[in-house]
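Everything on this sheet refers to the single structure shown next.
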Number of protein chains: 2
Amino acid sequence: MDDKNVLLDHGSGGKIAHSMLTKMILPLFDNPLLAKMDDSAVLDLSGIRVSFSTDSYVVDPIFFPGGNIGDLAVNGTVNDISMCGGDPLYISVALILEEGFAKAELSRILESMGEAAKRAGVMVVTGDTKVLPRGKVDKIFINTSGVGIIPEGINLSGSNASPGDKVIVSGTIADHGITILSSREGLGISPGVQSDSAPLNGMVKSILNAVPYGTVHVLRDPTRGGVATTLNEIASQSNVTIRIKEEAIPVKDAVRGTCELLGFDPLYVANEGKLLAIVSPEVAEDVLRVVRSHESGRDASVIGEVYSIEDASCLVSLSGANYSKGSVILETVIGGARVVDMLTGEQLPRIC
Amino acid sequence: MDDKNVLLDHGSGGKIAHSMLTKMILPLFDNPLLAKMDDSAVLDLSGIRVSFSTDSYVVDPIFFPGGNIGDLAVNGTVNDISMCGGDPLYISVALILEEGFAKAELSRILESMGEAAKRAGVMVVTGDTKVLPRGKVDKIFINTSGVGIIPEGINLSGSNASPGDKVIVSGTIADHGITILSSREGLGISPGVQSDSAPLNGMVKSILNAVPYGTVHVLRDPTRGGVATTLNEIASQSNVTIRIKEEAIPVKDAVRGTCELLGFDPLYVANEGKLLAIVSPEVAEDVLRVVRSHESGRDASVIGEVYSIEDASCLVSLSGANYSKGSVILETVIGGARVVDMLTGEQLPRIC
């Protein structure tokens with residue numbers, strides 16, 4: 001493997017990206033806020049807790065069923081802020097454009113951003129535009145950053161999952177990744193399959209309002225690397241084992257079909273409008289009901305449970321040799337069980 | 001002119017960029033914070049005033065005398081936050097990398113970012129990395145966004161310039177732009193000419209601490225489009241005329257020489273570690289003394305004065321027909337005067 005140069009894998013959100021982050025980046029900017037590695041940083045601004053997040057969007061194609069790079073960029077940052085329990089308020093938009101890019105396309109993208117901001121209830125308050133000569137950037141890249149206030153008493157982090165907790169996914173998985181891949185490669189997309197790109201701040205707010213503070217432990221949106229990678233990150237941050245049931249995981253038939261055809265595992269495919277909630281067992285049904293009351297949460301399901309790493313009961317039927325403490329284990333539909341590792345390489349570049 | 005496609009000029013920071021911002025972008029994200037068009041937005045987070053800013057860096061070459069794309073990106077956002085009077089605290093770093101980019105170069109850039117953050121006293125708290133296939137992005141682009149707290153009583157804005165105010169520049173102009181241009185084109189660079197990239201938050205803090213609140217009206221860093229464009233923006237935002245004296249504007253001899261050779265006006269060339277301060281006349285000497293006490297402010301100078309648009313006394317010796325109310329007027333070394341307009345097209349692409 002070429003270890004002197006940056007590889008596509010370094011941007012995957014998976015294992016190799018994780019290694020670059022921990023080996024090259026964390027030591028240079030050493031501080032406890034960055035080291036938490038959640039979707040947003042939680043800042044203290046004169047006693048106000050603020051969640052602060054950034055993401056660059058380089059998706060290809062820039063227009064796809066269910067959205068475009070513009071609303072994706074707004075929803076993505078809204079969601080990252082929300083996953084820390086923050087109420088997203090203000091975002092920035094920085095455009096990098098290729099000389100010759102059609103103004104009509106730029107207008108459509110900006111309009112979508114305006115609509116997405118309105119839908120999520122956030123204000124675009126500052127921005128930047130750079131234009132590069134032809135060939136130096138592929139059409140348009142968008143960075144969005146944003147801030148939101150975290151209400152008192154809310155404390156969400158990937159490191160808060162506890163034995164006994166239930167794992168909830170807010171709907172069907174892999175819709176976004178399969179839509180992008182199919183659009184890019186010119187594969188026919190089945191009607192009804194489209195990106196799930198959507199703001200999740202409304203859903204998060206109603207979850208947090210519905211159950212006692214402290215019973216919702218982790219919220220995460222499984223974007224790059226999919227549900228498998230996100231659950232692995234949580235298992236590692238919280239030092240627990242997570243066991244999920246394949247039959248409980250909602251996947252649209254058409255999406256499952258495309259995955260099988262192309263050899264993708266939907267567990268590793270990106271989502272842009274879904275969340276994973278890890279909650280105390282006594283509130284799992286309440287959370288599920290609240291999530292299902294939202295349009296994008298109708299297919300929500302309890303997909304698994306959190307175990308102590310000392311607890312052998314999560315290892316039932318486990319085959320294969322790659323189990324280590326802090327793993328994610330999948331109970332398959334045929335009754336076996338296997339370890340679901342973090343994404344290793346880059347499965348789908350330019351997915352967001 | 002091609003009006004259907006994005007032009008290099010749209011990223012210039014000048015007149016055409018300004019027109020895209022006001023015609024295409026502002027109406028879509030219509031809100032009073034964005035409409036102020038200062039370097040940062042000033043947010044109210046539960047009663048705390050926060051300045052929030054974003055910029056993408058696409059400079060070519062990525063390494064140049066006096067810095068590289070990494071420290072430039074940190075200093076740039078630190079400075080934008082500072083120009084609203086904010087004390088920069090936290091920044092985000094989002095990398096877009098080209099597959100095959102040398103890890104050794106990435107390390108040098110990240111190390112410079114770490115050092116720049118330390119020098120400015122800010123923490124890098126969150127980030128993002130995307131990697132694109134070869135040819136889809138030119139080496140590395142960096143977005144930095146950031147937040148800072150604005151102390152009570154501080155109220156700086158491009159719209160605050162008042163008749164009688166003095167205009168101070170904190171040092172020699174055009175160093176950054178001429179360095180980038182010379183490096184990119186392989187021109188010989190005179191020893192001593194290098195980018196002025198530097199954090200200005202320390203200087204801003206000492207200015208604001210040295211004089212009574214309310215006497216410092218505007219702080220701006222004249223980056224893309226240079227001193228001329230920034231002063232035009234201020235004149236327009238504040239509805240005043242600004243008259244500056246060519247002989248008072250500090251320019252290094254070698255920089256002036258290169259400008260003359262290549263046909264550039266140093267007033268339009270980018271700076272990355274200089275500020276313009278517009279202050280009440282009674283504190284001008286105090287501000288000048290404070291600025292000069294900083295290493296990057298040793299060549300600071302009072303370069304001009306603000307006039308009411310009704311005041312004809314600023315029009316002495318003015319020739320040419322392009323004067324309109326709210327202009328910037330330059331008194332030349334030979335005693336004439338001319339209107340200094342906003343930058344029209346893109347003078348130097350990829351300058352930051």
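Quick note on naming: the chains in the structure tokens go A, B, ... in the order shown, residues restart at 1 in each chain, and ligands are numbered from 1 in order of appearance.
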Inset, instruction - At a cut-off of 6 Å, list the chain B residues touching chain A, using only C-alpha atoms, as a PyMOL selection string. - result: chain B and resi 4-8+11+28-29+33-34+41+55+99-103+114+124-126+128-131+136-138
Matching every Cα in sequence order between the two identical chains, what are the coordinates of chain B once fitted onto chain A? Write them as a CSV table (one decimal) with C-alpha atoms, in the first residue's frame.
```
chain,number,residue,atom,x,y,z
B,1,MET,CA,0.0,0.0,0.0
B,2,ASP,CA,1.2,3.5,-0.9
B,3,ASP,CA,1.8,5.0,2.5
B,4,LYS,CA,3.5,8.3,1.3
B,5,ASN,CA,0.4,9.8,-0.4
B,6,VAL,CA,-3.1,10.6,0.4
B,7,LEU,CA,-5.5,7.8,-0.8
B,8,LEU,CA,-9.2,8.0,-1.6
B,9,ASP,CA,-9.6,5.8,1.5
B,10,HIS,CA,-8.4,8.7,3.7
B,11,GLY,CA,-11.7,10.4,3.1
B,12,SER,CA,-14.0,7.4,3.6
B,13,GLY,CA,-15.2,8.0,7.1
B,14,GLY,CA,-13.9,4.5,7.8
B,15,LYS,CA,-10.9,2.8,9.3
B,16,ILE,CA,-8.2,4.4,7.2
B,17,ALA,CA,-9.6,7.9,7.6
B,18,HIS,CA,-9.9,7.2,11.3
B,19,SER,CA,-6.2,6.3,11.4
B,20,MET,CA,-5.2,9.5,9.6
B,21,LEU,CA,-7.3,11.5,12.0
B,22,THR,CA,-5.8,9.9,15.1
B,23,LYS,CA,-2.2,9.7,13.9
B,24,MET,CA,-1.7,12.9,11.9
B,25,ILE,CA,-4.4,15.4,13.0
B,26,LEU,CA,-5.3,15.0,16.7
B,27,PRO,CA,-1.7,15.3,18.0
B,28,LEU,CA,-1.2,18.6,16.2
B,29,PHE,CA,-4.3,20.3,17.5
B,30,ASP,CA,-4.2,18.5,20.8
B,31,ASN,CA,-7.2,19.5,22.9
B,32,PRO,CA,-9.9,17.7,24.8
B,33,LEU,CA,-12.8,19.1,22.6
B,34,LEU,CA,-11.4,17.8,19.4
B,35,ALA,CA,-10.3,14.5,21.0
B,36,LYS,CA,-14.0,13.6,21.8
B,37,MET,CA,-14.5,13.0,18.0
B,38,ASP,CA,-18.2,13.5,18.0
B,39,ASP,CA,-20.1,15.0,15.1
B,40,SER,CA,-19.8,18.5,16.6
B,41,ALA,CA,-17.6,20.1,19.2
B,42,VAL,CA,-19.4,21.2,22.3
B,43,LEU,CA,-18.0,24.7,23.2
B,44,ASP,CA,-18.4,26.8,26.3
B,45,LEU,CA,-19.1,30.4,25.3
B,46,SER,CA,-19.4,32.4,28.5
B,47,GLY,CA,-21.4,29.6,30.2
B,48,ILE,CA,-23.6,28.9,27.1
B,49,ARG,CA,-23.0,25.4,25.7
B,50,VAL,CA,-22.7,25.7,21.9
B,51,SER,CA,-22.4,22.9,19.4
B,52,PHE,CA,-20.2,23.8,16.4
B,53,SER,CA,-19.7,21.7,13.3
B,54,THR,CA,-18.2,21.8,9.8
B,55,ASP,CA,-18.5,19.7,6.7
B,56,SER,CA,-17.4,20.1,3.0
B,57,TYR,CA,-19.7,18.7,0.3
B,58,VAL,CA,-18.2,17.3,-2.9
B,59,VAL,CA,-20.9,15.0,-4.0
B,60,ASP,CA,-21.0,13.7,-7.6
B,61,PRO,CA,-23.4,14.1,-9.3
B,62,ILE,CA,-24.4,17.5,-7.9
B,63,PHE,CA,-28.1,16.9,-8.7
B,64,PHE,CA,-29.7,13.6,-7.8
B,65,PRO,CA,-33.2,12.1,-7.0
B,66,GLY,CA,-34.2,13.6,-3.7
B,67,GLY,CA,-31.9,16.6,-3.6
B,68,ASN,CA,-28.8,18.3,-4.7
B,69,ILE,CA,-25.4,19.4,-3.2
B,70,GLY,CA,-27.1,22.5,-1.8
B,71,ASP,CA,-29.8,21.1,0.4
B,72,LEU,CA,-27.4,18.2,1.3
B,73,ALA,CA,-24.9,20.7,2.6
B,74,VAL,CA,-27.5,22.5,4.7
B,75,ASN,CA,-29.1,19.4,6.1
B,76,GLY,CA,-25.7,17.8,6.8
B,77,THR,CA,-24.6,20.5,9.1
B,78,VAL,CA,-28.0,21.0,10.7
B,79,ASN,CA,-27.9,17.2,11.6
B,80,ASP,CA,-24.3,17.3,12.9
B,81,ILE,CA,-25.2,20.1,15.3
B,82,SER,CA,-28.4,18.3,16.3
B,83,MET,CA,-26.6,15.0,17.2
B,84,CYS,CA,-25.0,16.8,20.1
B,85,GLY,CA,-28.4,17.9,21.2
B,86,GLY,CA,-27.8,21.4,19.9
B,87,ASP,CA,-30.7,23.5,18.4
B,88,PRO,CA,-29.1,24.6,15.1
B,89,LEU,CA,-29.5,28.4,14.7
B,90,TYR,CA,-26.9,29.9,12.3
B,91,ILE,CA,-24.9,28.5,9.4
B,92,SER,CA,-22.2,29.7,7.1
B,93,VAL,CA,-21.9,28.8,3.4
B,94,ALA,CA,-18.6,28.8,1.5
B,95,LEU,CA,-18.7,28.1,-2.2
B,96,ILE,CA,-15.7,26.9,-4.3
B,97,LEU,CA,-16.8,27.2,-8.0
B,98,GLU,CA,-15.3,26.2,-11.3
B,99,GLU,CA,-14.9,29.0,-13.9
B,100,GLY,CA,-17.6,28.4,-16.5
B,101,PHE,CA,-20.1,26.7,-14.1
B,102,ALA,CA,-23.6,27.5,-15.3
B,103,LYS,CA,-25.3,30.3,-13.3
B,104,ALA,CA,-28.6,28.6,-13.8
B,105,GLU,CA,-27.3,25.5,-11.9
B,106,LEU,CA,-25.8,27.7,-9.2
B,107,SER,CA,-29.1,29.4,-8.8
B,108,ARG,CA,-31.0,26.1,-8.4
B,109,ILE,CA,-28.4,25.0,-5.8
B,110,LEU,CA,-28.6,28.3,-3.9
B,111,GLU,CA,-32.4,28.2,-4.0
B,112,SER,CA,-32.4,24.7,-2.5
B,113,MET,CA,-30.1,25.9,0.2
B,114,GLY,CA,-32.5,28.7,1.0
B,115,GLU,CA,-35.4,26.3,1.2
B,116,ALA,CA,-33.5,23.8,3.3
B,117,ALA,CA,-32.4,26.5,5.7
B,118,LYS,CA,-36.1,27.6,6.0
B,119,ARG,CA,-37.3,24.1,6.5
B,120,ALA,CA,-34.7,23.5,9.3
B,121,GLY,CA,-35.3,26.9,10.8
B,122,VAL,CA,-31.7,28.1,10.5
B,123,MET,CA,-30.3,31.4,9.2
B,124,VAL,CA,-27.4,31.6,6.7
B,125,VAL,CA,-25.5,34.5,8.2
B,126,THR,CA,-22.1,34.6,6.6
B,127,GLY,CA,-20.3,33.2,3.5
B,128,ASP,CA,-17.4,33.2,1.1
B,129,THR,CA,-17.1,32.5,-2.7
B,130,LYS,CA,-14.0,31.4,-4.5
B,131,VAL,CA,-13.8,30.8,-8.2
B,132,LEU,CA,-11.0,28.7,-9.7
B,133,PRO,CA,-9.8,28.3,-13.3
B,134,ARG,CA,-11.4,25.5,-15.3
B,135,GLY,CA,-10.1,22.0,-14.3
B,136,LYS,CA,-8.9,23.0,-10.9
B,137,VAL,CA,-12.1,22.1,-9.1
B,138,ASP,CA,-14.9,19.9,-10.3
B,139,LYS,CA,-18.0,22.2,-10.8
B,140,ILE,CA,-18.9,23.1,-7.2
B,141,PHE,CA,-17.8,22.3,-3.6
B,142,ILE,CA,-19.7,23.7,-0.6
B,143,ASN,CA,-18.6,24.0,3.0
B,144,THR,CA,-21.2,24.6,5.6
B,145,SER,CA,-20.4,25.3,9.2
B,146,GLY,CA,-22.8,26.1,11.9
B,147,VAL,CA,-23.6,26.7,15.6
B,148,GLY,CA,-26.5,25.8,17.8
B,149,ILE,CA,-27.3,26.1,21.5
B,150,ILE,CA,-27.5,23.0,23.6
B,151,PRO,CA,-30.3,23.2,26.2
B,152,GLU,CA,-29.3,22.8,29.9
B,153,GLY,CA,-29.4,19.2,31.1
B,154,ILE,CA,-28.7,17.7,27.7
B,155,ASN,CA,-25.6,15.5,27.5
B,156,LEU,CA,-25.2,13.4,24.4
B,157,SER,CA,-22.0,11.8,23.2
B,158,GLY,CA,-20.8,8.7,21.4
B,159,SER,CA,-19.1,7.8,24.7
B,160,ASN,CA,-22.4,7.5,26.6
B,161,ALA,CA,-23.8,4.2,25.4
B,162,SER,CA,-24.4,1.9,28.5
B,163,PRO,CA,-25.1,-1.9,28.8
B,164,GLY,CA,-28.8,-2.6,28.4
B,165,ASP,CA,-29.4,0.4,26.2
B,166,LYS,CA,-31.6,-0.1,23.1
B,167,VAL,CA,-30.4,0.9,19.6
B,168,ILE,CA,-33.0,2.6,17.4
B,169,VAL,CA,-32.6,3.5,13.7
B,170,SER,CA,-35.0,6.2,12.5
B,171,GLY,CA,-35.9,4.5,9.1
B,172,THR,CA,-34.7,2.7,6.0
B,173,ILE,CA,-30.9,2.6,5.5
B,174,ALA,CA,-28.7,3.0,2.5
B,175,ASP,CA,-31.1,5.2,0.4
B,176,HIS,CA,-28.7,8.1,-0.1
B,177,GLY,CA,-25.6,6.1,-1.0
B,178,ILE,CA,-27.4,3.8,-3.5
B,179,THR,CA,-29.2,6.8,-5.1
B,180,ILE,CA,-25.9,8.7,-5.6
B,181,LEU,CA,-24.1,5.6,-6.9
B,182,SER,CA,-27.0,4.7,-9.3
B,183,SER,CA,-27.2,8.3,-10.6
B,184,ARG,CA,-23.5,8.6,-11.1
B,185,GLU,CA,-23.1,5.4,-12.9
B,186,GLY,CA,-26.3,5.9,-15.0
B,187,LEU,CA,-27.9,2.8,-13.6
B,188,GLY,CA,-31.7,2.8,-13.6
B,189,ILE,CA,-33.1,3.9,-10.3
B,190,SER,CA,-36.3,2.2,-9.2
B,191,PRO,CA,-39.2,4.6,-8.6
B,192,GLY,CA,-39.4,5.5,-4.9
B,193,VAL,CA,-35.7,5.2,-4.3
B,194,GLN,CA,-34.2,8.6,-3.6
B,195,SER,CA,-31.8,10.3,-1.3
B,196,ASP,CA,-33.1,10.5,2.3
B,197,SER,CA,-31.4,14.0,2.7
B,198,ALA,CA,-33.5,15.8,5.4
B,199,PRO,CA,-33.0,17.9,8.5
B,200,LEU,CA,-33.3,15.9,11.7
B,201,ASN,CA,-33.4,18.8,14.2
B,202,GLY,CA,-37.2,18.6,14.6
B,203,MET,CA,-37.0,14.9,15.3
B,204,VAL,CA,-34.2,15.4,17.8
B,205,LYS,CA,-36.1,18.1,19.6
B,206,SER,CA,-39.2,16.0,20.0
B,207,ILE,CA,-37.2,13.0,21.2
B,208,LEU,CA,-35.4,15.1,23.9
B,209,ASN,CA,-38.7,16.7,25.0
B,210,ALA,CA,-40.6,13.4,25.2
B,211,VAL,CA,-38.4,11.5,27.7
B,212,PRO,CA,-36.5,12.4,30.9
B,213,TYR,CA,-33.1,14.0,30.5
B,214,GLY,CA,-30.4,11.5,30.8
B,215,THR,CA,-32.3,8.6,29.2
B,216,VAL,CA,-31.1,9.5,25.7
B,217,HIS,CA,-27.4,8.6,25.7
B,218,VAL,CA,-26.2,8.8,22.1
B,219,LEU,CA,-27.6,10.4,18.9
B,220,ARG,CA,-25.6,10.0,15.6
B,221,ASP,CA,-26.4,10.3,12.0
B,222,PRO,CA,-24.9,7.3,10.1
B,223,THR,CA,-23.5,9.2,7.1
B,224,ARG,CA,-20.2,8.1,5.4
B,225,GLY,CA,-19.4,4.5,6.4
B,226,GLY,CA,-23.0,3.9,7.2
B,227,VAL,CA,-24.7,2.3,10.2
B,228,ALA,CA,-21.9,-0.3,10.7
B,229,THR,CA,-19.1,2.3,10.9
B,230,THR,CA,-21.1,4.7,13.2
B,231,LEU,CA,-22.0,1.8,15.6
B,232,ASN,CA,-18.3,0.8,15.6
B,233,GLU,CA,-17.3,4.3,16.5
B,234,ILE,CA,-19.8,4.3,19.4
B,235,ALA,CA,-18.8,0.9,20.6
B,236,SER,CA,-15.2,2.0,20.7
B,237,GLN,CA,-15.9,5.4,22.3
B,238,SER,CA,-18.2,3.9,25.0
B,239,ASN,CA,-16.1,0.7,25.4
B,240,VAL,CA,-19.1,-1.6,24.9
B,241,THR,CA,-20.3,-4.4,22.5
B,242,ILE,CA,-23.3,-3.6,20.4
B,243,ARG,CA,-25.4,-6.5,19.0
B,244,ILE,CA,-27.9,-5.8,16.2
B,245,LYS,CA,-30.4,-8.0,14.4
B,246,GLU,CA,-30.3,-8.0,10.6
B,247,GLU,CA,-34.1,-8.8,10.3
B,248,ALA,CA,-34.9,-5.7,12.3
B,249,ILE,CA,-33.0,-3.3,10.1
B,250,PRO,CA,-35.3,-1.5,7.6
B,251,VAL,CA,-34.0,-1.6,4.0
B,252,LYS,CA,-36.2,-0.8,1.0
B,253,ASP,CA,-36.5,-3.8,-1.3
B,254,ALA,CA,-35.2,-1.9,-4.3
B,255,VAL,CA,-32.2,-0.6,-2.3
B,256,ARG,CA,-31.5,-4.1,-1.1
B,257,GLY,CA,-31.7,-5.4,-4.7
B,258,THR,CA,-29.3,-2.8,-6.0
B,259,CYS,CA,-26.9,-3.6,-3.1
B,260,GLU,CA,-27.0,-7.3,-3.9
B,261,LEU,CA,-26.5,-6.7,-7.6
B,262,LEU,CA,-23.4,-4.5,-7.0
B,263,GLY,CA,-22.0,-6.3,-4.0
B,264,PHE,CA,-22.6,-3.6,-1.4
B,265,ASP,CA,-23.6,-4.2,2.2
B,266,PRO,CA,-26.4,-1.7,3.1
B,267,LEU,CA,-24.9,-1.5,6.6
B,268,TYR,CA,-21.9,0.4,5.1
B,269,VAL,CA,-23.8,2.7,2.7
B,270,ALA,CA,-24.3,6.4,3.6
B,271,ASN,CA,-27.5,7.9,4.9
B,272,GLU,CA,-28.2,11.6,5.0
B,273,GLY,CA,-31.5,11.9,6.9
B,274,LYS,CA,-31.5,9.1,9.4
B,275,LEU,CA,-30.3,8.9,13.0
B,276,LEU,CA,-29.3,6.2,15.4
B,277,ALA,CA,-30.5,6.7,19.0
B,278,ILE,CA,-29.1,4.8,21.9
B,279,VAL,CA,-31.4,5.1,24.8
B,280,SER,CA,-32.2,3.6,28.2
B,281,PRO,CA,-34.5,0.5,27.7
B,282,GLU,CA,-37.4,2.0,29.7
B,283,VAL,CA,-37.8,4.8,27.2
B,284,ALA,CA,-37.2,2.9,24.0
B,285,GLU,CA,-40.8,2.5,23.2
B,286,ASP,CA,-41.5,6.2,23.8
B,287,VAL,CA,-38.6,7.3,21.6
B,288,LEU,CA,-39.7,4.9,18.9
B,289,ARG,CA,-43.3,6.3,19.0
B,290,VAL,CA,-42.0,9.9,18.8
B,291,VAL,CA,-39.6,9.1,15.9
B,292,ARG,CA,-42.4,7.4,14.0
B,293,SER,CA,-44.6,10.4,14.3
B,294,HIS,CA,-42.1,12.3,12.0
B,295,GLU,CA,-42.5,11.8,8.3
B,296,SER,CA,-38.8,10.7,7.9
B,297,GLY,CA,-39.1,8.3,10.9
B,298,ARG,CA,-42.1,6.2,9.9
B,299,ASP,CA,-40.0,3.1,9.4
B,300,ALA,CA,-38.1,3.5,12.6
B,301,SER,CA,-37.2,0.3,14.4
B,302,VAL,CA,-35.3,-1.0,17.5
B,303,ILE,CA,-32.4,-2.8,15.8
B,304,GLY,CA,-30.2,-3.9,18.7
B,305,GLU,CA,-28.9,-3.7,22.2
B,306,VAL,CA,-25.7,-2.5,24.1
B,307,TYR,CA,-23.7,-5.1,26.1
B,308,SER,CA,-20.9,-4.7,28.6
B,309,ILE,CA,-17.7,-6.0,27.1
B,310,GLU,CA,-17.5,-8.5,29.9
B,311,ASP,CA,-20.9,-10.0,29.0
B,312,ALA,CA,-20.6,-13.2,27.0
B,313,SER,CA,-24.3,-13.4,26.3
B,314,CYS,CA,-23.9,-11.1,23.3
B,315,LEU,CA,-21.6,-13.7,21.6
B,316,VAL,CA,-24.3,-16.4,21.0
B,317,SER,CA,-23.9,-18.1,17.6
B,318,LEU,CA,-20.8,-16.0,16.8
B,319,SER,CA,-18.6,-17.5,14.1
B,320,GLY,CA,-15.4,-16.3,12.8
B,321,ALA,CA,-12.2,-15.2,14.5
B,322,ASN,CA,-12.3,-11.5,14.3
B,323,TYR,CA,-14.2,-10.7,17.5
B,324,SER,CA,-12.5,-8.4,19.9
B,325,LYS,CA,-13.9,-6.5,22.9
B,326,GLY,CA,-15.8,-3.4,21.8
B,327,SER,CA,-17.1,-5.0,18.5
B,328,VAL,CA,-20.4,-4.7,16.7
B,329,ILE,CA,-22.1,-8.1,16.2
B,330,LEU,CA,-24.8,-8.8,13.7
B,331,GLU,CA,-27.3,-11.6,14.2
B,332,THR,CA,-28.1,-12.6,10.7
B,333,VAL,CA,-31.6,-13.6,9.3
B,334,ILE,CA,-30.5,-17.2,9.2
B,335,GLY,CA,-29.7,-17.3,12.9
B,336,GLY,CA,-25.9,-17.0,12.8
B,337,ALA,CA,-23.9,-14.1,14.1
B,338,ARG,CA,-20.8,-12.3,12.7
B,339,VAL,CA,-18.6,-9.3,13.6
B,340,VAL,CA,-19.4,-6.2,11.6
B,341,ASP,CA,-16.2,-4.2,11.4
B,342,MET,CA,-15.7,-0.6,10.6
B,343,LEU,CA,-15.5,0.3,6.9
B,344,THR,CA,-11.9,-0.4,5.8
B,345,GLY,CA,-11.4,1.3,2.5
B,346,GLU,CA,-13.4,3.8,0.5
B,347,GLN,CA,-16.6,2.1,-0.7
B,348,LEU,CA,-18.1,5.0,-2.5
B,349,PRO,CA,-16.1,8.2,-3.1
B,350,ARG,CA,-17.9,11.6,-3.3
B,351,ILE,CA,-21.0,10.3,-1.6
B,352,CYS,CA,-21.6,13.6,0.2
```
Legend entry - Backbone DSSP call of strand (DSSP E) for region 149-195 of chain A, listed as a PyMOL selection string: chain A and resi 149+166-169
Inset, instruction - Please run DSSP on the backbone and report, as a ChimeraX atom specification, all residues within region 96-203 of chain A that come out as alpha helix (DSSP H). - result: /A:103-120,175-185,201-203
